[in-house]
$ cat protein_0.tsv   # TSV, C-alpha atoms and all ligand atoms
chain	number	residue	atom	x	y	z
A	1	MET	CA	119.45	-55.01	8.90
A	2	THR	CA	117.72	-58.34	8.54
A	3	THR	CA	116.97	-60.37	5.45
A	4	LEU	CA	113.27	-60.85	4.95
A	5	VAL	CA	111.75	-64.24	4.06
A	6	LEU	CA	108.28	-63.80	2.60
A	7	THR	CA	106.01	-66.81	2.43
A	8	HIS	CA	102.34	-67.73	2.85
A	9	PRO	CA	100.53	-70.93	3.88
A	10	ALA	CA	98.24	-70.47	0.85
A	11	CYS	CA	101.23	-71.37	-1.34
A	12	LEU	CA	100.91	-74.92	0.02
A	13	ALA	CA	97.34	-75.20	-1.29
A	14	HIS	CA	98.34	-75.11	-4.98
A	15	ASP	CA	98.32	-78.80	-5.89
A	16	PRO	CA	99.13	-79.85	-9.47
A	17	GLY	CA	98.19	-83.42	-8.63
A	18	PRO	CA	99.75	-86.73	-7.60
A	19	GLY	CA	103.13	-87.47	-9.15
A	20	HIS	CA	103.66	-83.89	-10.32
A	21	PRO	CA	107.19	-82.67	-9.50
A	22	GLU	CA	106.01	-79.18	-8.48
A	23	THR	CA	104.54	-80.50	-5.24
A	24	PRO	CA	103.59	-78.56	-2.07
A	25	ALA	CA	106.31	-80.60	-0.31
A	26	ARG	CA	108.85	-78.42	-2.14
A	27	LEU	CA	107.89	-75.39	-0.09
A	28	VAL	CA	108.04	-77.40	3.13
A	29	ALA	CA	111.55	-78.54	2.15
A	30	VAL	CA	112.66	-74.98	1.42
A	31	LEU	CA	111.37	-73.65	4.75
A	32	ASP	CA	112.96	-76.61	6.58
A	33	GLY	CA	116.19	-75.85	4.74
A	34	LEU	CA	116.20	-72.29	6.06
A	35	GLU	CA	116.16	-73.47	9.68
A	36	GLY	CA	119.45	-72.52	11.25
A	37	VAL	CA	120.15	-69.59	8.90
A	38	GLY	CA	120.70	-66.58	11.13
A	39	GLY	CA	119.51	-63.01	10.56
A	40	LEU	CA	116.21	-63.88	8.91
A	41	ASP	CA	112.88	-62.20	9.58
A	42	ARG	CA	110.05	-64.42	8.31
A	43	VAL	CA	106.81	-62.64	7.39
A	44	GLU	CA	103.52	-63.54	5.74
A	45	ALA	CA	103.33	-62.31	2.16
A	46	PRO	CA	100.39	-60.12	1.11
A	47	ARG	CA	98.23	-61.11	-1.86
A	48	ALA	CA	98.83	-59.21	-5.07
A	49	ASP	CA	95.95	-57.11	-6.29
A	50	GLU	CA	94.63	-58.70	-9.50
A	51	THR	CA	95.08	-55.40	-11.30
A	52	THR	CA	98.84	-55.36	-10.56
A	53	LEU	CA	99.22	-58.60	-12.55
A	54	ALA	CA	98.39	-56.55	-15.66
A	55	ALA	CA	101.82	-54.91	-15.41
A	56	VAL	CA	103.18	-57.89	-17.37
A	57	HIS	CA	100.14	-60.04	-18.33
A	58	THR	CA	97.23	-59.38	-20.67
A	59	PRO	CA	93.72	-59.16	-19.14
A	60	GLU	CA	92.74	-62.24	-21.19
A	61	MET	CA	95.65	-64.24	-19.75
A	62	ILE	CA	94.76	-63.30	-16.17
A	63	GLU	CA	91.12	-64.21	-16.79
A	64	THR	CA	92.10	-67.54	-18.35
A	65	VAL	CA	94.22	-68.52	-15.32
A	66	PHE	CA	91.49	-67.78	-12.78
A	67	ALA	CA	88.82	-69.39	-14.99
A	68	ALA	CA	90.85	-72.62	-15.05
A	69	VAL	CA	90.86	-72.90	-11.23
A	70	PRO	CA	88.31	-75.61	-10.42
A	71	GLU	CA	85.95	-75.82	-7.45
A	72	SER	CA	87.16	-79.36	-6.93
A	73	GLY	CA	89.60	-81.69	-8.64
A	74	TYR	CA	92.02	-80.31	-11.21
A	75	GLY	CA	92.07	-77.92	-14.14
A	76	ALA	CA	94.74	-77.63	-16.86
A	77	LEU	CA	96.36	-74.59	-18.48
A	78	ASP	CA	98.62	-76.82	-20.54
A	79	HIS	CA	99.65	-80.46	-20.31
A	80	ASP	CA	102.00	-79.89	-17.37
A	81	THR	CA	100.51	-76.74	-15.81
A	82	LEU	CA	97.70	-78.05	-13.66
A	83	VAL	CA	95.64	-76.16	-11.09
A	84	SER	CA	93.59	-77.09	-8.03
A	85	PRO	CA	91.04	-75.12	-5.98
A	86	GLY	CA	93.83	-73.36	-4.04
A	87	SER	CA	95.89	-72.35	-7.06
A	88	GLY	CA	94.47	-68.88	-7.70
A	89	ASP	CA	95.06	-67.77	-4.12
A	90	ALA	CA	98.56	-69.33	-4.08
A	91	ALA	CA	99.47	-67.50	-7.29
A	92	LEU	CA	98.27	-64.17	-5.84
A	93	CYS	CA	100.39	-64.75	-2.71
A	94	ALA	CA	103.45	-65.69	-4.80
A	95	ALA	CA	103.16	-62.55	-6.93
A	96	GLY	CA	102.31	-60.47	-3.85
A	97	ALA	CA	105.43	-61.70	-2.05
A	98	ALA	CA	107.71	-60.66	-4.92
A	99	ILE	CA	106.15	-57.20	-5.15
A	100	ALA	CA	106.16	-56.68	-1.36
A	101	ALA	CA	109.80	-57.82	-1.20
A	102	VAL	CA	110.74	-55.00	-3.58
A	103	ASP	CA	108.81	-52.53	-1.40
A	104	ALA	CA	110.57	-53.78	1.76
A	105	VAL	CA	114.05	-53.46	0.25
A	106	MET	CA	113.36	-50.10	-1.41
A	107	THR	CA	112.01	-48.57	1.78
A	108	GLY	CA	114.88	-49.90	3.90
A	109	ARG	CA	112.70	-52.32	5.89
A	110	ALA	CA	115.14	-55.11	4.90
A	111	ALA	CA	118.58	-55.33	3.34
A	112	ALA	CA	117.53	-58.16	1.04
A	113	ALA	CA	114.62	-60.56	0.69
A	114	PHE	CA	113.87	-64.14	-0.34
A	115	CYS	CA	110.38	-65.17	-1.47
A	116	ALA	CA	109.70	-68.77	-0.44
A	117	VAL	CA	106.65	-69.18	-2.66
A	118	ARG	CA	105.01	-71.35	-5.29
A	119	PRO	CA	103.77	-71.66	-7.98
A	120	PRO	CA	107.00	-70.56	-9.66
A	121	GLY	CA	106.86	-67.89	-12.36
A	122	HIS	CA	109.67	-67.64	-14.89
A	123	HIS	CA	107.94	-69.58	-17.71
A	124	ALA	CA	104.73	-67.50	-17.44
A	125	MET	CA	104.42	-65.49	-20.65
A	126	PRO	CA	102.58	-62.19	-21.10
A	127	THR	CA	99.77	-64.07	-22.84
A	128	ARG	CA	99.75	-67.53	-21.24
A	129	ALA	CA	100.69	-69.64	-18.23
A	130	MET	CA	103.05	-72.54	-18.93
A	131	GLY	CA	105.71	-74.81	-17.45
A	132	PHE	CA	104.28	-75.12	-13.90
A	133	CYS	CA	104.11	-71.27	-13.77
A	134	LEU	CA	100.95	-69.16	-13.43
A	135	PHE	CA	102.05	-65.51	-13.07
A	136	ASN	CA	105.57	-64.21	-13.62
A	137	ASN	CA	106.60	-63.25	-10.09
A	138	ALA	CA	110.12	-62.08	-11.00
A	139	ALA	CA	108.99	-59.93	-13.95
A	140	LEU	CA	106.23	-58.38	-11.82
A	141	ALA	CA	108.83	-57.51	-9.15
A	142	ALA	CA	111.20	-56.04	-11.76
A	143	VAL	CA	108.54	-53.86	-13.39
A	144	HIS	CA	107.34	-52.77	-9.93
A	145	ALA	CA	110.89	-51.68	-8.98
A	146	ARG	CA	111.14	-49.53	-12.08
A	147	GLU	CA	107.61	-48.18	-12.47
A	148	VAL	CA	106.64	-47.67	-8.81
A	149	HIS	CA	110.01	-47.03	-7.18
A	150	GLY	CA	111.71	-45.29	-10.08
A	151	CYS	CA	114.71	-47.60	-10.41
A	152	ALA	CA	116.48	-46.75	-13.66
A	153	ARG	CA	118.11	-50.10	-14.44
A	154	VAL	CA	116.67	-53.34	-13.12
A	155	ALA	CA	118.40	-56.68	-13.75
A	156	VAL	CA	116.71	-60.07	-13.48
A	157	VAL	CA	119.23	-62.89	-13.18
A	158	ASP	CA	117.99	-66.45	-13.56
A	159	PHE	CA	120.06	-69.49	-12.56
A	160	ASP	CA	117.21	-72.01	-12.77
A	161	VAL	CA	118.30	-74.90	-15.00
A	162	HIS	CA	115.52	-74.00	-17.47
A	163	HIS	CA	115.49	-70.85	-19.58
A	164	GLY	CA	113.10	-68.22	-18.21
A	165	ASN	CA	111.35	-67.69	-21.52
A	166	GLY	CA	108.40	-66.01	-19.80
A	167	THR	CA	110.54	-63.43	-18.02
A	168	GLU	CA	112.42	-62.72	-21.23
A	169	ASP	CA	109.15	-62.16	-23.10
A	170	CYS	CA	107.64	-60.03	-20.31
A	171	LEU	CA	110.68	-57.70	-20.33
A	172	ARG	CA	111.64	-57.72	-24.02
A	173	GLY	CA	111.26	-54.27	-25.58
A	174	ARG	CA	111.06	-52.48	-22.22
A	175	GLU	CA	113.67	-49.82	-21.60
A	176	GLY	CA	115.79	-50.10	-18.46
A	177	PHE	CA	115.91	-53.86	-17.95
A	178	LEU	CA	118.46	-56.64	-18.35
A	179	TYR	CA	117.56	-60.33	-18.32
A	180	ALA	CA	120.45	-62.78	-17.85
A	181	SER	CA	120.10	-66.55	-17.68
A	182	SER	CA	122.26	-69.64	-17.62
A	183	HIS	CA	120.34	-72.81	-18.47
A	184	GLU	CA	120.80	-76.33	-19.68
A	185	TYR	CA	120.38	-76.77	-23.43
A	186	PRO	CA	118.74	-78.80	-24.78
A	187	ASN	CA	116.04	-78.83	-22.12
A	188	TYR	CA	112.55	-77.39	-21.61
A	189	PRO	CA	111.32	-74.97	-23.00
A	190	GLY	CA	113.85	-75.07	-25.87
A	191	THR	CA	114.52	-71.31	-25.97
A	192	GLY	CA	117.43	-69.18	-24.74
A	193	LEU	CA	120.05	-69.68	-27.45
A	194	GLN	CA	120.35	-66.04	-28.51
A	195	SER	CA	121.33	-62.88	-26.67
A	196	GLU	CA	119.82	-59.54	-27.74
A	197	ASP	CA	120.88	-55.92	-27.56
A	198	GLY	CA	117.42	-54.35	-27.48
A	199	PRO	CA	115.91	-51.85	-25.05
A	200	CYS	CA	115.93	-54.77	-22.59
A	201	ARG	CA	119.35	-56.34	-22.86
A	202	ILE	CA	119.10	-60.15	-22.95
A	203	VAL	CA	122.11	-62.29	-22.02
A	204	ASN	CA	121.50	-66.00	-22.59
A	205	VAL	CA	124.17	-68.55	-21.77
A	206	PRO	CA	123.05	-72.07	-22.74
A	207	LEU	CA	125.13	-74.78	-21.10
A	208	PRO	CA	125.46	-78.40	-22.29
A	209	ARG	CA	124.02	-81.39	-20.46
A	210	GLY	CA	126.31	-82.57	-17.69
A	211	THR	CA	127.71	-79.09	-16.91
A	212	ASP	CA	129.50	-79.23	-13.55
A	213	GLY	CA	130.16	-76.62	-10.87
A	214	PRO	CA	133.50	-75.30	-12.18
A	215	THR	CA	132.08	-74.85	-15.70
A	216	PHE	CA	128.94	-73.19	-14.30
A	217	ARG	CA	131.02	-70.79	-12.21
A	218	ALA	CA	133.25	-69.95	-15.18
A	219	ALA	CA	130.20	-69.21	-17.35
A	220	TRP	CA	128.89	-66.73	-14.79
A	221	SER	CA	132.33	-65.21	-14.09
A	222	GLU	CA	133.27	-64.77	-17.73
A	223	ARG	CA	129.97	-64.10	-19.50
A	224	ILE	CA	127.16	-62.99	-17.21
A	225	LEU	CA	128.72	-61.09	-14.29
A	226	PRO	CA	130.76	-58.81	-16.62
A	227	ALA	CA	127.57	-58.00	-18.59
A	228	LEU	CA	125.85	-57.17	-15.30
A	229	ASP	CA	128.74	-54.93	-14.23
A	230	ASP	CA	128.50	-53.17	-17.58
A	231	PHE	CA	124.74	-52.66	-17.12
A	232	ALA	CA	125.22	-51.43	-13.51
A	233	PRO	CA	121.74	-52.28	-12.20
A	234	ASP	CA	120.29	-50.24	-9.35
A	235	PHE	CA	118.09	-53.20	-8.36
A	236	LEU	CA	118.73	-56.91	-8.68
A	237	ILE	CA	116.00	-59.58	-8.90
A	238	VAL	CA	117.07	-63.23	-8.74
A	239	SER	CA	115.05	-66.10	-10.22
A	240	ALA	CA	116.40	-68.73	-7.85
A	241	GLY	CA	115.85	-72.19	-9.30
A	242	PHE	CA	117.79	-75.05	-7.79
A	243	ASP	CA	117.03	-77.71	-10.42
A	244	GLY	CA	120.60	-77.64	-11.73
A	245	HIS	CA	121.59	-79.69	-8.67
A	246	ARG	CA	123.13	-83.04	-9.59
A	247	LYS	CA	120.33	-84.91	-7.80
A	248	ASP	CA	117.51	-83.08	-9.56
A	249	PRO	CA	115.26	-85.31	-11.69
A	250	LEU	CA	114.54	-82.60	-14.31
A	251	SER	CA	118.09	-81.92	-15.49
A	252	LEU	CA	121.47	-83.50	-16.08
A	253	MET	CA	123.49	-80.63	-14.66
A	254	GLN	CA	125.93	-81.57	-11.91
A	255	LEU	CA	125.80	-78.62	-9.51
A	256	GLU	CA	126.20	-78.81	-5.74
A	257	ALA	CA	124.46	-76.64	-3.13
A	258	ALA	CA	127.77	-74.80	-2.66
A	259	ASP	CA	127.63	-73.60	-6.29
A	260	PHE	CA	124.37	-71.77	-5.55
A	261	GLY	CA	125.97	-70.25	-2.44
A	262	TRP	CA	128.98	-69.11	-4.47
A	263	LEU	CA	126.82	-67.45	-7.14
A	264	THR	CA	124.61	-65.78	-4.53
A	265	LEU	CA	127.65	-64.19	-2.89
A	266	GLU	CA	128.88	-62.98	-6.30
A	267	LEU	CA	125.46	-61.44	-6.94
A	268	ARG	CA	125.52	-59.75	-3.54
A	269	HIS	CA	128.92	-58.24	-4.29
A	270	LEU	CA	127.52	-57.03	-7.59
A	271	ALA	CA	124.48	-55.52	-5.84
A	272	GLU	CA	126.83	-53.81	-3.36
A	273	ARG	CA	128.85	-52.31	-6.23
A	274	HIS	CA	125.91	-50.90	-8.14
A	275	ALA	CA	122.62	-51.11	-6.24
A	276	ALA	CA	123.39	-50.23	-2.60
A	277	GLY	CA	123.02	-53.96	-1.91
A	278	ARG	CA	119.38	-54.11	-3.04
A	279	ILE	CA	118.54	-57.69	-4.00
A	280	VAL	CA	115.29	-59.70	-4.03
A	281	SER	CA	115.28	-63.42	-4.74
A	282	VAL	CA	112.24	-65.44	-5.80
A	283	LEU	CA	112.00	-69.24	-5.70
A	284	GLU	CA	111.61	-70.92	-9.08
A	285	GLY	CA	112.40	-74.65	-9.61
A	286	GLY	CA	114.14	-77.44	-7.70
A	287	TYR	CA	112.55	-80.89	-7.56
A	288	ASP	CA	114.69	-83.20	-5.42
A	289	LEU	CA	113.49	-82.33	-1.94
A	290	GLY	CA	116.77	-82.96	-0.11
A	291	ALA	CA	118.85	-81.12	-2.74
A	292	LEU	CA	116.30	-78.30	-2.75
A	293	ALA	CA	116.51	-77.85	1.04
A	294	ALA	CA	120.33	-77.85	1.00
A	295	SER	CA	120.50	-75.51	-1.99
A	296	ALA	CA	117.96	-73.04	-0.56
A	297	HIS	CA	119.96	-73.08	2.69
A	298	ALA	CA	123.20	-72.25	0.85
A	299	HIS	CA	121.46	-69.53	-1.18
A	300	VAL	CA	119.74	-67.77	1.72
A	301	ALA	CA	122.75	-68.14	4.04
A	302	ALA	CA	124.81	-66.33	1.40
A	303	LEU	CA	122.04	-63.74	0.99
A	304	ALA	CA	121.84	-63.03	4.72
A	305	GLY	CA	125.43	-63.67	5.86
A	306	PRO	CA	128.46	-61.43	6.07
A	307	ILE	CA	129.75	-60.07	2.79
B	401	ZN	ZN	113.46	-75.07	-13.74
$ encode --input "protein_0.tsv" --output "C-alpha cells"
Amino acid sequence: MTTLVLTHPACLAHDPGPGHPETPARLVAVLDGLEGVGGLDRVEAPRADETTLAAVHTPEMIETVFAAVPESGYGALDHDTLVSPGSGDAALCAAGAAIAAVDAVMTGRAAAAFCAVRPPGHHAMPTRAMGFCLFNNAALAAVHAREVHGCARVAVVDFDVHHGNGTEDCLRGREGFLYASSHEYPNYPGTGLQSEDGPCRIVNVPLPRGTDGPTFRAAWSERILPALDDFAPDFLIVSAGFDGHRKDPLSLMQLEAADFGWLTLELRHLAERHAAGRIVSVLEGGYDLGALAASAHAHVAALAGPI
C-alpha cells in the first residue's frame, strides 16, 4: 500500500506578510524535499466543512478567525498570527487534509499519510488562534478518528520544538486520548512543564536549550515511547515540526534531519505494535528552508519506506 501525501495549492495563498518565518516558501521546500521519496501517492486535500471545526473550536473562535481574513492586505489574530485574503481557504484545506488523511488510513486507502499543509495548527486553542496557527489540524484529526471512526485510544505525538499548547488544551479532559510532546524550554509559548494523568493523558518532556540528537533520542526512548506503549493507541497522529533542526532560526536545539527519520521509524514500529500501522502525520513548524526540506524528506522516507 502507498503512503498518501495530501496537499493543496490554496495552502500557498496564506501569507502572513514579508519577513514572517511562516512563509509560503516553506510548503514549496517541503514538497521539493519529498522529490525522490518512493511509494508516495500525492493527492489534493479536500476543504474541511466549517461545521467540522467545531469538534475542537468554539463557534466564536471560528467566527473570529474568518472575520479577521481581509479582502486585501493583512489582518491580525495576535501579534504574530497574521492573515491575508487566502488564509481562510488555506486553513480549511489544512484542516481538511488532516481529517481526510484519517479517513484514507482508516478505510485502507493508504497505509499512512503525511499532510503537507499550512497554516500549522498545534498552538490553536479551543477559543483562539495563536502562534502562526489558525485551526488545530492534529486535534481535529484525533477527534475525528475517535468520534467518527470509533478508535478507542488515539495518541497525538508532537516533536515540534515548541510545546503544542493548543493540542493539549483541545484534548484535555477528553476520554481516550494521549498527548505527548518533547519541546525546548524555555521557548514559546512557555507551557509544557507538567504531565497530567487525566482522562486525556498528557506527557510533556521539556528539553533544555542546546539539546542534541543523542539527548533527544534518549528522551523519546526513555520517557515518551514507553508511555505510548503503555497507552497502546489504536491510531497515531504526529504533529511533525522540524524547527528543532540545528539550523532553525526559532530554536537552539541541535537536531539533524536523521534524528527526525529515527523518531519516525520508532513511531512506525509503535503503530505496528498497537494500531495495525495506522499513522497520520501533519506538518507543523520548521523555518530554515533547506533544513526543512531535508528533515521532511527524512520523515516521509521513514514513513513510507520498509519497516
Ligand atoms: Zn514550532
$ closest_atom_pairs --input "protein_0.tsv" --of "stretch 83-186 of chain A" --to "stretch 283-296 of chain A" --cutoff "12 Å" --atoms "all atoms listed in the file" --output "Markdown table"
| residue | atom | partner | partner_atom | distance |
| --- | --- | --- | --- | --- |
| A:Ala94 | CA | A:Leu283 | CA | 9.3 |
| A:Ala95 | CA | A:Leu283 | CA | 11.2 |
| A:Ala97 | CA | A:Leu283 | CA | 10.6 |
| A:Ala98 | CA | A:Leu283 | CA | 9.6 |
| A:Ala113 | CA | A:Leu283 | CA | 11.1 |
| A:Phe114 | CA | A:Leu283 | CA | 7.6 |
| A:Cys115 | CA | A:Leu283 | CA | 6.1 |
| A:Ala116 | CA | A:Leu283 | CA | 5.8 |
| A:Val117 | CA | A:Leu283 | CA | 6.2 |
| A:Arg118 | CA | A:Leu283 | CA | 7.3 |
| A:Pro119 | CA | A:Glu284 | CA | 8.0 |
| A:Pro120 | CA | A:Glu284 | CA | 4.7 |
| A:Gly121 | CA | A:Glu284 | CA | 6.5 |
| A:His122 | CA | A:Glu284 | CA | 6.9 |
| A:His123 | CA | A:Glu284 | CA | 9.5 |
| A:Ala124 | CA | A:Glu284 | CA | 11.4 |
| A:Gly131 | CA | A:Gly285 | CA | 10.3 |
| A:Phe132 | CA | A:Gly285 | CA | 9.2 |
| A:Cys133 | CA | A:Glu284 | CA | 8.9 |
| A:Leu134 | CA | A:Glu284 | CA | 11.6 |
| A:Phe135 | CA | A:Glu284 | CA | 11.7 |
| A:Asn136 | CA | A:Glu284 | CA | 10.1 |
| A:Asn137 | CA | A:Leu283 | CA | 9.2 |
| A:Ala138 | CA | A:Leu283 | CA | 9.1 |
| A:Val157 | CA | A:Glu284 | CA | 11.8 |
| A:Asp158 | CA | A:Glu284 | CA | 9.0 |
| A:Phe159 | CA | A:Glu284 | CA | 9.2 |
| A:Asp160 | CA | A:Gly285 | CA | 6.3 |
| A:Val161 | CA | A:Gly285 | CA | 8.0 |
| A:His162 | CA | A:Gly285 | CA | 8.5 |
| A:His163 | CA | A:Gly285 | CA | 11.1 |
| A:Gly164 | CA | A:Glu284 | CA | 9.6 |
| A:Thr167 | CA | A:Glu284 | CA | 11.7 |
$ atom_distance --input "protein_0.tsv" --atom1 "atom CA of A:Arg223" --atom2 "atom CA of A:Pro249"
27.0 Å
$ closest_residue --input "protein_0.tsv" --among "A:Leu228, A:Leu267, A:Leu252, A:Val205" --to "ligand ZN 401 (chain B)" --atoms "only C-alpha atoms and all ligand atoms"
A:Leu252
$ closest_residue --input "protein_0.tsv" --among "A:Thr211, A:Asn165, A:Gly36, A:Glu256" --to "ligand ZN 401 (chain B)" --atoms "all atoms listed in the file"
A:Asn165
$ closest_atom_pairs --input "protein_0.tsv" --of "stretch 24-110 of chain A" --to "stretch 270-279 of chain A" --cutoff "9 Å" --atoms "all atoms listed in the file" --output "CSV"
residue,atom,partner,partner_atom,distance
A:Val102,CA,A:Ile279,CA,8.3
A:Val105,CA,A:Arg278,CA,6.3
A:Met106,CA,A:Arg278,CA,7.4
$ residues_around --input "protein_0.tsv" --residues "A:Gly86" --least-positions-apart "5" --cutoff "8 Å" --atoms "all atoms listed in the file" --output "ChimeraX atom specification"
/A:10,13-15,69
$ residues_near_point --input "protein_0.tsv" --point "(131.0, -76.6, -13.9)" --cutoff "12 Å" --atoms "all atoms listed in the file" --output "VMD selection string"
chain A and resid 182 184 207 to 221 244 to 246 252 to 256 258 to 260
$ residues_around --input "protein_0.tsv" --residues "A:Ile62" --least-positions-apart "6" --cutoff "12 Å" --atoms "only C-alpha atoms" --output "list in words"
Asp49, Glu50, Thr51, Thr52, Leu53, Ala54, Ala55, Val56, Ala68, Val69, Leu77, Gly88, Ala91, Leu92, Ala124, Met125, Pro126, Thr127, Arg128, Ala129, Leu134, Phe135 and Asn136 of chain A
$ closest_residue --input "protein_0.tsv" --among "A:Gly38, A:Pro9, A:Ala227, A:Gly198" --to "A:Pro306" --atoms "only C-alpha atoms"
A:Gly38
$ closest_residue --input "protein_0.tsv" --among "A:Ala152, A:Leu178, A:Leu193, A:Leu4" --to "A:Arg109" --atoms "only C-alpha atoms"
A:Leu4
$ atom_distance --input "protein_0.tsv" --atom1 "atom CA of A:Thr64" --atom2 "atom CA of A:Arg172"
22.6 Å
